[in-house]
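Participant: My file is coords_31.txt. It has compact mmCIF, C-alpha atoms:
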```
# COMPACT_ATOMS: atom_id res chain seq x y z
CA MET A 27 122.16 29.07 20.65
CA ALA A 28 119.02 29.03 22.78
CA THR A 29 118.83 32.83 22.66
CA ALA A 30 119.16 32.82 18.88
CA LEU A 31 116.46 30.16 18.58
CA SER A 32 114.12 32.14 20.84
CA THR A 33 114.76 35.27 18.80
CA ALA A 34 114.02 33.41 15.57
CA ARG A 35 110.80 32.01 16.98
CA ALA A 36 109.74 35.46 18.15
CA ALA A 37 110.46 36.90 14.72
CA ILE A 38 108.42 34.15 13.03
CA ALA A 39 105.53 34.69 15.45
CA SER A 40 105.69 38.44 14.91
CA GLY A 41 105.72 37.97 11.16
CA SER A 42 102.79 35.56 11.34
CA ALA A 43 100.79 37.98 13.50
CA ALA A 44 101.55 40.83 11.10
CA SER A 45 100.48 38.68 8.14
CA THR A 46 97.25 37.72 9.92
CA ALA A 47 96.50 41.35 10.75
CA ALA A 48 97.15 42.39 7.15
CA THR A 49 94.85 39.64 5.86
CA ALA A 50 92.08 40.70 8.26
CA GLU A 51 92.47 44.35 7.24
CA ASN A 52 92.29 43.42 3.56
CA PHE A 53 89.16 41.33 4.21
CA GLN A 54 87.49 44.14 6.15
CA ARG A 55 88.31 46.70 3.46
CA TYR A 56 86.90 44.45 0.75
CA TYR A 57 83.52 44.01 2.45
CA GLN A 58 83.41 47.63 3.59
CA GLU A 59 83.69 48.77 -0.05
CA ALA A 60 82.04 45.93 -1.98
CA GLY A 61 79.55 44.68 0.62
CA PRO A 62 76.74 47.09 -0.32
CA ASP A 63 76.92 45.84 -3.91
CA TYR A 64 75.65 42.41 -2.84
CA VAL A 65 72.14 43.85 -2.85
CA ALA A 66 72.32 43.45 -6.65
CA TRP A 67 72.62 39.69 -6.05
CA SER A 68 70.11 39.42 -3.20
CA PRO A 69 67.75 42.08 -1.84
CA ASN A 70 67.81 40.15 1.45
CA PHE A 71 71.65 40.07 1.46
CA ASN A 72 71.93 36.29 1.11
CA MET A 73 75.63 36.51 0.27
CA HIS A 74 76.02 33.01 -1.14
CA PHE A 75 74.98 30.76 -4.02
CA GLY A 76 71.59 29.08 -4.10
CA PHE A 77 70.41 25.48 -3.88
CA PHE A 78 68.25 24.16 -6.70
CA ARG A 79 65.73 21.41 -6.05
CA TRP A 80 63.73 19.78 -8.82
CA GLY A 81 60.45 21.61 -9.29
CA MET A 82 61.89 25.02 -8.42
CA ASN A 83 61.91 27.84 -10.94
CA PRO A 84 65.61 28.33 -11.89
CA PHE A 85 64.88 31.96 -12.77
CA GLN A 86 63.85 32.79 -9.20
CA ARG A 87 67.29 33.38 -7.66
CA GLU A 88 66.17 34.54 -4.21
CA ALA A 89 64.12 31.38 -3.74
CA MET A 90 67.22 29.28 -4.44
CA LEU A 91 69.29 31.38 -2.03
CA GLU A 92 66.72 30.84 0.72
CA GLN A 93 66.65 27.13 -0.12
CA MET A 94 70.38 26.95 0.64
CA ASN A 95 69.59 28.29 4.11
CA ARG A 96 66.97 25.58 4.57
CA GLU A 97 69.35 22.86 3.37
CA VAL A 98 71.93 23.90 5.95
CA LEU A 99 69.29 23.95 8.68
CA ARG A 100 68.10 20.46 7.71
CA ARG A 101 71.63 19.08 8.03
CA LEU A 102 72.04 20.57 11.50
CA CYS A 103 69.64 17.82 12.67
CA LEU A 104 68.44 19.85 15.66
CA ASN A 105 66.81 17.77 18.38
CA THR A 106 65.91 20.42 20.94
CA GLU A 107 63.07 22.96 21.01
CA SER A 108 65.36 25.86 21.90
CA PRO A 109 68.71 25.24 20.18
CA ARG A 110 71.61 27.65 20.52
CA ILE A 111 73.06 28.17 17.04
CA LEU A 112 76.11 30.11 15.82
CA ASP A 113 76.69 31.42 12.30
CA MET A 114 80.48 31.45 11.90
CA GLY A 115 80.92 34.31 9.43
CA CYS A 116 77.38 35.65 9.41
CA GLY A 117 77.73 38.54 6.97
CA LEU A 118 74.65 40.72 7.39
CA GLY A 119 72.75 37.90 9.13
CA ALA A 120 70.41 36.90 6.29
CA THR A 121 70.60 33.19 7.10
CA LEU A 122 69.96 33.89 10.78
CA ARG A 123 66.86 35.87 9.88
CA ASN A 124 65.71 32.92 7.78
CA LEU A 125 66.27 30.56 10.72
CA ALA A 126 64.40 32.93 13.02
CA ARG A 127 61.27 32.49 10.91
CA GLN A 128 61.56 28.69 11.09
CA LEU A 129 62.77 28.32 14.70
CA PRO A 130 60.83 30.79 16.87
CA ALA A 131 62.33 29.39 20.10
CA ALA A 132 65.95 29.30 18.92
CA ARG A 133 68.79 31.32 20.42
CA LEU A 134 70.60 32.67 17.39
CA HIS A 135 74.10 34.15 17.29
CA GLY A 136 76.36 35.36 14.51
CA ILE A 137 79.96 36.54 14.39
CA THR A 138 81.61 38.72 11.75
CA LEU A 139 84.98 40.38 11.41
CA VAL A 140 83.59 43.37 9.49
CA PRO A 141 82.25 46.38 11.46
CA TRP A 142 80.07 47.48 8.52
CA GLN A 143 78.39 44.07 8.39
CA LEU A 144 77.76 44.16 12.14
CA GLN A 145 76.18 47.61 11.96
CA GLN A 146 74.02 46.90 8.92
CA GLY A 147 73.06 43.44 10.14
CA ARG A 148 71.77 44.85 13.41
CA LEU A 149 69.75 47.46 11.53
CA LEU A 150 68.22 44.78 9.30
CA ASN A 151 67.39 42.64 12.33
CA ARG A 152 65.58 45.52 14.00
CA SER A 153 63.58 46.20 10.84
CA ILE A 154 61.74 42.87 11.17
CA PRO A 155 58.77 43.20 13.55
CA ASN A 156 58.22 40.52 16.20
CA SER A 157 61.36 38.66 15.12
CA VAL A 158 63.31 36.21 17.26
CA PRO A 159 66.21 38.10 18.90
CA ILE A 160 69.47 37.64 16.99
CA THR A 161 72.77 38.47 18.67
CA LEU A 162 75.50 39.65 16.30
CA THR A 163 79.09 40.00 17.54
CA LEU A 164 82.25 41.53 16.09
CA GLY A 165 85.19 39.14 16.20
CA ASP A 166 87.33 36.43 14.63
CA TYR A 167 85.53 33.10 14.35
CA GLN A 168 88.85 31.31 14.77
CA ARG A 169 89.28 32.82 18.26
CA THR A 170 85.91 33.68 19.77
CA GLN A 171 84.98 34.76 23.29
CA TYR A 172 82.13 32.25 23.60
CA ALA A 173 82.29 29.63 26.34
CA SER A 174 83.29 26.08 25.47
CA ALA A 175 80.49 23.62 24.67
CA SER A 176 77.98 26.47 24.53
CA PHE A 177 76.29 25.72 21.17
CA ASP A 178 74.06 22.94 19.89
CA ALA A 179 75.02 23.71 16.29
CA VAL A 180 77.38 25.88 14.24
CA TYR A 181 77.46 26.49 10.52
CA ALA A 182 79.34 28.47 7.89
CA ILE A 183 77.96 29.32 4.47
CA GLU A 184 80.74 30.45 2.13
CA SER A 185 82.73 31.88 5.02
CA SER A 186 85.04 29.00 5.99
CA CYS A 187 87.15 29.84 2.93
CA TYR A 188 88.47 32.90 4.79
CA ALA A 189 89.96 30.80 7.59
CA ALA A 190 93.69 30.05 7.63
CA GLY A 191 95.21 27.09 5.82
CA ALA A 192 94.03 24.52 3.30
CA ASN A 193 92.55 22.33 6.05
CA LYS A 194 91.02 25.32 7.94
CA SER A 195 92.38 23.83 11.15
CA ALA A 196 91.95 26.89 13.40
CA PHE A 197 88.35 27.30 12.24
CA LEU A 198 87.52 23.65 12.89
CA ARG A 199 89.30 23.58 16.27
CA GLU A 200 87.20 26.53 17.40
CA ALA A 201 84.01 24.88 16.14
CA ASP A 202 84.99 21.75 18.06
CA ARG A 203 85.54 23.80 21.22
CA LEU A 204 82.23 25.64 20.90
CA LEU A 205 80.03 22.61 20.26
CA ARG A 206 78.54 20.51 23.03
CA PRO A 207 79.01 16.74 22.70
CA GLY A 208 76.65 15.58 19.99
CA GLY A 209 76.45 19.07 18.48
CA ARG A 210 76.49 19.50 14.72
CA ILE A 211 78.59 21.48 12.24
CA VAL A 212 77.59 22.20 8.65
CA VAL A 213 79.84 23.95 6.13
CA ALA A 214 78.68 24.94 2.65
CA ASP A 215 81.49 26.33 0.52
CA GLY A 216 83.74 26.06 -2.48
CA PHE A 217 86.77 23.81 -2.06
CA LEU A 218 89.58 22.55 -4.22
CA GLY A 219 88.63 18.94 -4.75
CA PRO A 220 90.51 16.00 -6.26
CA GLY A 221 92.65 16.99 -9.21
CA LYS A 222 95.17 19.76 -9.82
CA LEU A 223 95.20 23.29 -11.08
CA ARG A 224 96.93 23.14 -14.43
CA GLY A 225 98.87 25.70 -16.42
CA PRO A 226 97.36 29.19 -16.15
CA GLN A 227 94.72 27.94 -13.69
CA LYS A 228 97.21 28.40 -10.84
CA SER A 229 97.60 32.08 -11.61
CA ILE A 230 93.86 32.49 -12.21
CA CYS A 231 93.08 30.84 -8.87
CA ARG A 232 95.52 33.13 -7.05
CA THR A 233 93.94 36.18 -8.68
CA LEU A 234 90.48 34.88 -7.78
CA CYS A 235 91.52 34.56 -4.12
CA ASP A 236 93.00 38.07 -4.16
CA CYS A 237 89.77 39.46 -5.63
CA TRP A 238 87.70 37.99 -2.80
CA ALA A 239 90.35 38.71 -0.12
CA ILE A 240 90.87 34.98 0.49
CA ASP A 241 94.32 33.98 1.72
CA THR A 242 94.12 30.22 1.04
CA LEU A 243 91.33 28.20 -0.51
CA GLY A 244 90.15 25.18 1.42
CA GLU A 245 90.95 21.71 0.09
CA ILE A 246 88.24 19.14 0.66
CA GLU A 247 90.46 16.16 1.52
CA PRO A 248 92.67 17.95 4.11
CA PHE A 249 89.51 19.58 5.51
CA THR A 250 87.85 16.20 5.97
CA ARG A 251 90.99 14.69 7.50
CA GLU A 252 91.10 17.54 10.01
CA LEU A 253 87.52 16.81 11.04
CA GLN A 254 88.53 13.18 11.56
CA ARG A 255 91.64 14.15 13.53
CA LEU A 256 89.55 16.31 15.86
CA GLY A 257 87.29 13.34 16.54
CA PHE A 258 84.16 14.37 14.65
CA ARG A 259 81.93 11.48 13.59
CA ASP A 260 79.18 10.94 11.01
CA ILE A 261 81.17 13.04 8.54
CA ALA A 262 79.27 13.54 5.28
CA VAL A 263 80.84 15.18 2.22
CA GLU A 264 78.21 16.04 -0.40
CA PRO A 265 79.28 17.41 -3.81
CA MET A 266 76.76 20.11 -4.68
CA GLN A 267 78.07 21.62 -7.92
CA ALA A 268 74.97 20.61 -9.88
CA ARG A 269 72.72 22.08 -7.19
CA VAL A 270 74.39 25.51 -7.14
CA THR A 271 74.96 25.83 -10.90
CA PRO A 272 71.45 27.17 -11.69
CA SER A 273 72.02 30.11 -9.33
CA ALA A 274 75.61 30.57 -10.57
CA LEU A 275 74.22 30.98 -14.09
CA HIS A 276 72.61 34.20 -12.87
CA VAL A 277 76.04 35.79 -12.41
CA PRO A 278 76.51 37.15 -15.99
CA TRP A 279 73.07 38.79 -15.99
CA VAL A 280 73.47 40.26 -12.51
CA THR A 281 76.94 41.51 -13.45
CA LEU A 282 75.65 43.20 -16.58
CA LYS A 283 72.84 44.93 -14.69
CA PHE A 284 75.29 46.00 -12.00
CA LEU A 285 77.70 47.46 -14.56
CA ILE A 286 74.93 49.51 -16.13
CA ALA A 287 73.38 50.67 -12.85
CA SER A 288 76.54 51.30 -10.84
CA VAL A 289 79.31 51.98 -13.34
CA VAL A 290 77.40 53.93 -15.95
CA PHE A 291 74.78 55.64 -13.80
CA GLY A 292 76.00 55.07 -10.25
CA ARG A 293 77.29 57.78 -7.94
CA ARG A 294 79.56 55.64 -5.73
CA LYS A 295 83.20 55.49 -6.73
CA MET A 296 84.21 52.22 -8.35
CA THR A 297 87.05 51.15 -6.06
CA ARG A 298 89.41 48.24 -6.66
CA ALA A 299 87.39 46.06 -4.29
CA ARG A 300 84.19 46.75 -6.24
CA TRP A 301 85.88 45.89 -9.55
CA ASN A 302 87.30 42.74 -7.96
CA ASN A 303 83.80 41.69 -6.95
CA ILE A 304 82.85 41.80 -10.64
CA LEU A 305 85.98 40.01 -11.84
CA ALA A 306 85.96 37.14 -9.32
CA PRO A 307 82.82 35.29 -10.57
CA ILE A 308 84.20 35.47 -14.12
CA LEU A 309 87.51 33.91 -13.03
CA LEU A 310 85.63 31.24 -11.08
CA SER A 311 84.40 29.66 -14.31
CA PHE A 312 88.02 28.95 -15.37
CA VAL A 313 88.98 26.97 -12.25
CA GLY A 314 85.65 25.41 -11.28
CA ARG A 315 84.18 22.11 -12.37
CA PRO A 316 84.17 20.74 -15.02
CA ILE A 317 87.22 22.70 -16.23
CA GLY A 318 89.14 22.78 -12.94
CA PRO A 319 89.21 21.13 -9.52
CA MET A 320 87.23 23.74 -7.60
CA ALA A 321 83.73 22.59 -6.65
CA TYR A 322 80.95 23.26 -4.18
CA TYR A 323 80.40 20.95 -1.20
CA ILE A 324 78.22 20.72 1.87
CA VAL A 325 80.16 19.05 4.68
CA SER A 326 78.45 18.03 7.91
CA ALA A 327 79.63 16.24 11.02
CA THR A 328 78.80 15.52 14.66
CA ARG A 329 81.04 16.41 17.59
CA ALA A 330 82.05 13.37 19.61
```
Produce structure tokens that represent the structure in this file.
Facilitator:
Amino acid sequence: MATALSTARAAIASGSAASTAATAENFQRYYQEAGPDYVAWSPNFNMHFGFFRWGMNPFQREAMLEQMNREVLRRLCLNTESPRILDMGCGLGATLRNLARQLPAARLHGITLVPWQLQQGRLLNRSIPNSVPITLTLGDYQRTQYASASFDAVYAIESSCYAAGANKSAFLREADRLLRPGGRIVVADGFLGPGKLRGPQKSICRTLCDCWAIDTLGEIEPFTRELQRLGFRDIAVEPMQARVTPSALHVPWVTLKFLIASVVFGRRKMTRARWNNILAPILLSFVGRPIGPMAYYIVSATRA
């Protein structure tokens, strides 16, 4: 009986590891093929939605994208002149380069699972003269090689969605391990909020996740409960749908320009990943607020 149980556990573990490896490979392939297309959204490779503040010009998309970086920085509540900061899922490091301009004494680190992003991010970092050094690392942000309690702050902008599970437990446990006592975490991302996916929305949401190589979307209530379980304090959950909508309204125009430039006149092959990157924002409108339960949040908390 014990032998059979051990064998079953080993089989489950092996299957889980294989599933994780397949998910990582799918994620890497997606960004390897579709990553360069993000320049159509942001010349600086800000691979996220923007933050609109009253008085801003809603037609200036890059300004809103940079404002999202500043909003995340503000919520980190840094209280040291030389903070050590980690971007958990840094992409090409655009947010880190933004922070480098605002925090000249900071020690900035980023981790990505995609070799192409690491290579291109390092090239972009070197192209900025007299910039603060930024250290980019290849790895899984759920299992990093950094020492415990080695960061004053960590953040994730539209990257926590790629972590495992609806509550993103492994991601949050690693953030908890990496932060010093009193350190801050800020997550800006889309989550399934209160309410249910109804009718065809379930299928649409699954297709949306497949397009963006997401295994499981985060759910805001389980995510918040996991922060509480880990002992984080000062947890703030801020609905930001209205703030990101002005930048999201740029999607149809950017998509149209991309289709003309890349599909009609482009020389790169339109792979499945590249088509998925066009389809996903369209599907998002059918499951996002106000039609569906998916919405944008900024969640921040302090490590005990």
Participant: Which polymer residues have any atom within 6 Å of an atom of A:Leu234, counting all atoms listed in the file, with same-chain residues fewer than 3 positions away left out, as an mmCIF file with C-alpha atoms, in the frame of the given file?
Facilitator:
```cif
data_model
loop_
_atom_site.group_PDB
_atom_site.id
_atom_site.type_symbol
_atom_site.label_atom_id
_atom_site.label_comp_id
_atom_site.auth_asym_id
_atom_site.auth_seq_id
_atom_site.Cartn_x
_atom_site.Cartn_y
_atom_site.Cartn_z
ATOM 1 C CA CYS A 231 93.080 30.840 -8.870
ATOM 2 C CA CYS A 237 89.770 39.460 -5.630
ATOM 3 C CA ALA A 306 85.960 37.140 -9.320
#
```
Participant: Residues within 12 Å of (88.6, 16.0, 8.0), file coordinates, counting only C-alpha atoms: what are they? Give the list as a VMD selection string.
Facilitator: chain A and resid 192 to 195 198 to 199 213 244 to 263 325 to 328
Participant: Would you pick out the contacts of stretch 314-321 of chain A at 7 Å or less, using only C-alpha atoms, so that residues sharing its chain but fewer than 3 positions from it are not included, and give the list as a ChimeraX atom specification?
Facilitator: /A:216-223,267,310-311
Participant: Rank A:Ile183, A:Val290, A:Leu162, A:Leu309 by their smallest atom-to-atom distance to A:Trp238, using all atoms listed in the file, and report the top residue only.
Facilitator: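 Checking each candidate against A:Trp238, we get A:Leu309 as the closest.
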Participant: Compare A:Asn72, A:Ala131, A:Ile286, A:Leu91 by their minimum atom-to-atom distance to A:Gly119, counting all atoms listed in the file, and give me the closest one.
Facilitator: A:Asn72
Participant: Measuring between all atoms listed in the file, which one of A:Tyr56, A:Phe77, A:Phe177, A:Tyr188 shows the shortest distance to A:Ala132?
Facilitator: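 Of the candidates, the smallest distance to A:Ala132 is held by A:Phe177.
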Participant: Measuring atom to atom with all atoms listed in the file, identify which of A:Cys116, A:Ala66, A:Ala50, A:Gly225 is nearest to A:Ile304.
Facilitator: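 So, comparing all the options, the nearest one is A:Ala66.
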Participant: Between A:Leu164, A:Leu150, A:Leu139, A:Val289, single out the one closest to A:Arg55, counting all atoms listed in the file.
Facilitator: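 Closest to A:Arg55 of all the choices is A:Leu139.
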Participant: Which residue gives the smallest distance to A:Ala274 among A:Val65, A:Arg127, A:Asn151, A:Gly76, with only C-alpha atoms counted?
Facilitator: A:Gly76
Participant: How far is it from atom CA of A:Met266 to atom CA of A:Tyr322, in Å with one decimal?
Facilitator: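 Here the two named atoms are 5.3 Å from each other.
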Participant: Pick out the residues sitting within 7 Å of A:Leu102, and hand them over as a list in words; count only C-alpha atoms, and ignore anything fewer than 6 positions along from it in its own chain.
Facilitator: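 Near A:Leu102, the qualifying residues are Ala179, Arg210, Ile211 and Val212 of chain A.
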Participant: Based on the selection just made, write C-alpha atoms of those residues as a PDB file, in the coordinates of the input.
Facilitator:
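Saved as out23.pdb:
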```
ATOM      1  CA  ALA A 179      75.020  23.710  16.290  1.00  0.00           C
ATOM      2  CA  ARG A 210      76.490  19.500  14.720  1.00  0.00           C
ATOM      3  CA  ILE A 211      78.590  21.480  12.240  1.00  0.00           C
ATOM      4  CA  VAL A 212      77.590  22.200   8.650  1.00  0.00           C
TER       5      VAL A 212
END
```
Participant: Enter the distance from atom CA of A:Ser229 to atom CA of A:Met296, in Å, rounded to one decimal.
Facilitator: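 Interatomic distance here is 24.4 Å.
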Participant: Can you work out the spacing between atom CA of A:Glu107 and atom CA of A:Thr170 in Å, to one decimal?
Facilitator: 25.3 Å
Participant: Can you tell me, as a short mmCIF file (atom, residue, chain, number, x, y, z; two decimals) with C-alpha atoms, in the coordinates of the input, which residues sit within 12 Å of (64.2, 23.1, 6.8) in the file's frame, using all atoms listed in the file?
Facilitator:
```cif
data_model
loop_
_atom_site.label_atom_id
_atom_site.label_comp_id
_atom_site.auth_asym_id
_atom_site.auth_seq_id
_atom_site.Cartn_x
_atom_site.Cartn_y
_atom_site.Cartn_z
CA GLU A 92 66.72 30.84 0.72
CA GLN A 93 66.65 27.13 -0.12
CA MET A 94 70.38 26.95 0.64
CA ASN A 95 69.59 28.29 4.11
CA ARG A 96 66.97 25.58 4.57
CA GLU A 97 69.35 22.86 3.37
CA VAL A 98 71.93 23.90 5.95
CA LEU A 99 69.29 23.95 8.68
CA ARG A 100 68.10 20.46 7.71
CA ARG A 101 71.63 19.08 8.03
CA LEU A 102 72.04 20.57 11.50
CA CYS A 103 69.64 17.82 12.67
CA LEU A 104 68.44 19.85 15.66
CA THR A 121 70.60 33.19 7.10
CA ASN A 124 65.71 32.92 7.78
CA LEU A 125 66.27 30.56 10.72
CA ALA A 126 64.40 32.93 13.02
CA ARG A 127 61.27 32.49 10.91
CA GLN A 128 61.56 28.69 11.09
CA LEU A 129 62.77 28.32 14.70
#
```
Participant: Any idea what's packed within 12 Å of A:Gly165, counting only C-alpha atoms, ignoring anything in its chain fewer than 3 positions away? Could you give it as a list in words?
Facilitator: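 Close residues of A:Gly165: Ala50, Gln54, Met114, Gly115, Cys116, Gly117, Gly136, Ile137, Thr138, Leu139, Val140, Pro141, Gln143, Leu144, Leu162, Gln168, Arg169, Thr170, Gln171 and Tyr172 of chain A.
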Participant: Pick out the residues sitting within 9 Å of A:Gly208, and hand them over as a list of chain:residue names; count only C-alpha atoms, and ignore anything fewer than 6 positions along from it in its own chain.
Facilitator: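 So, after excluding close chain neighbours, the residues are A:Asp178, A:Thr328, A:Arg329, A:Ala330.
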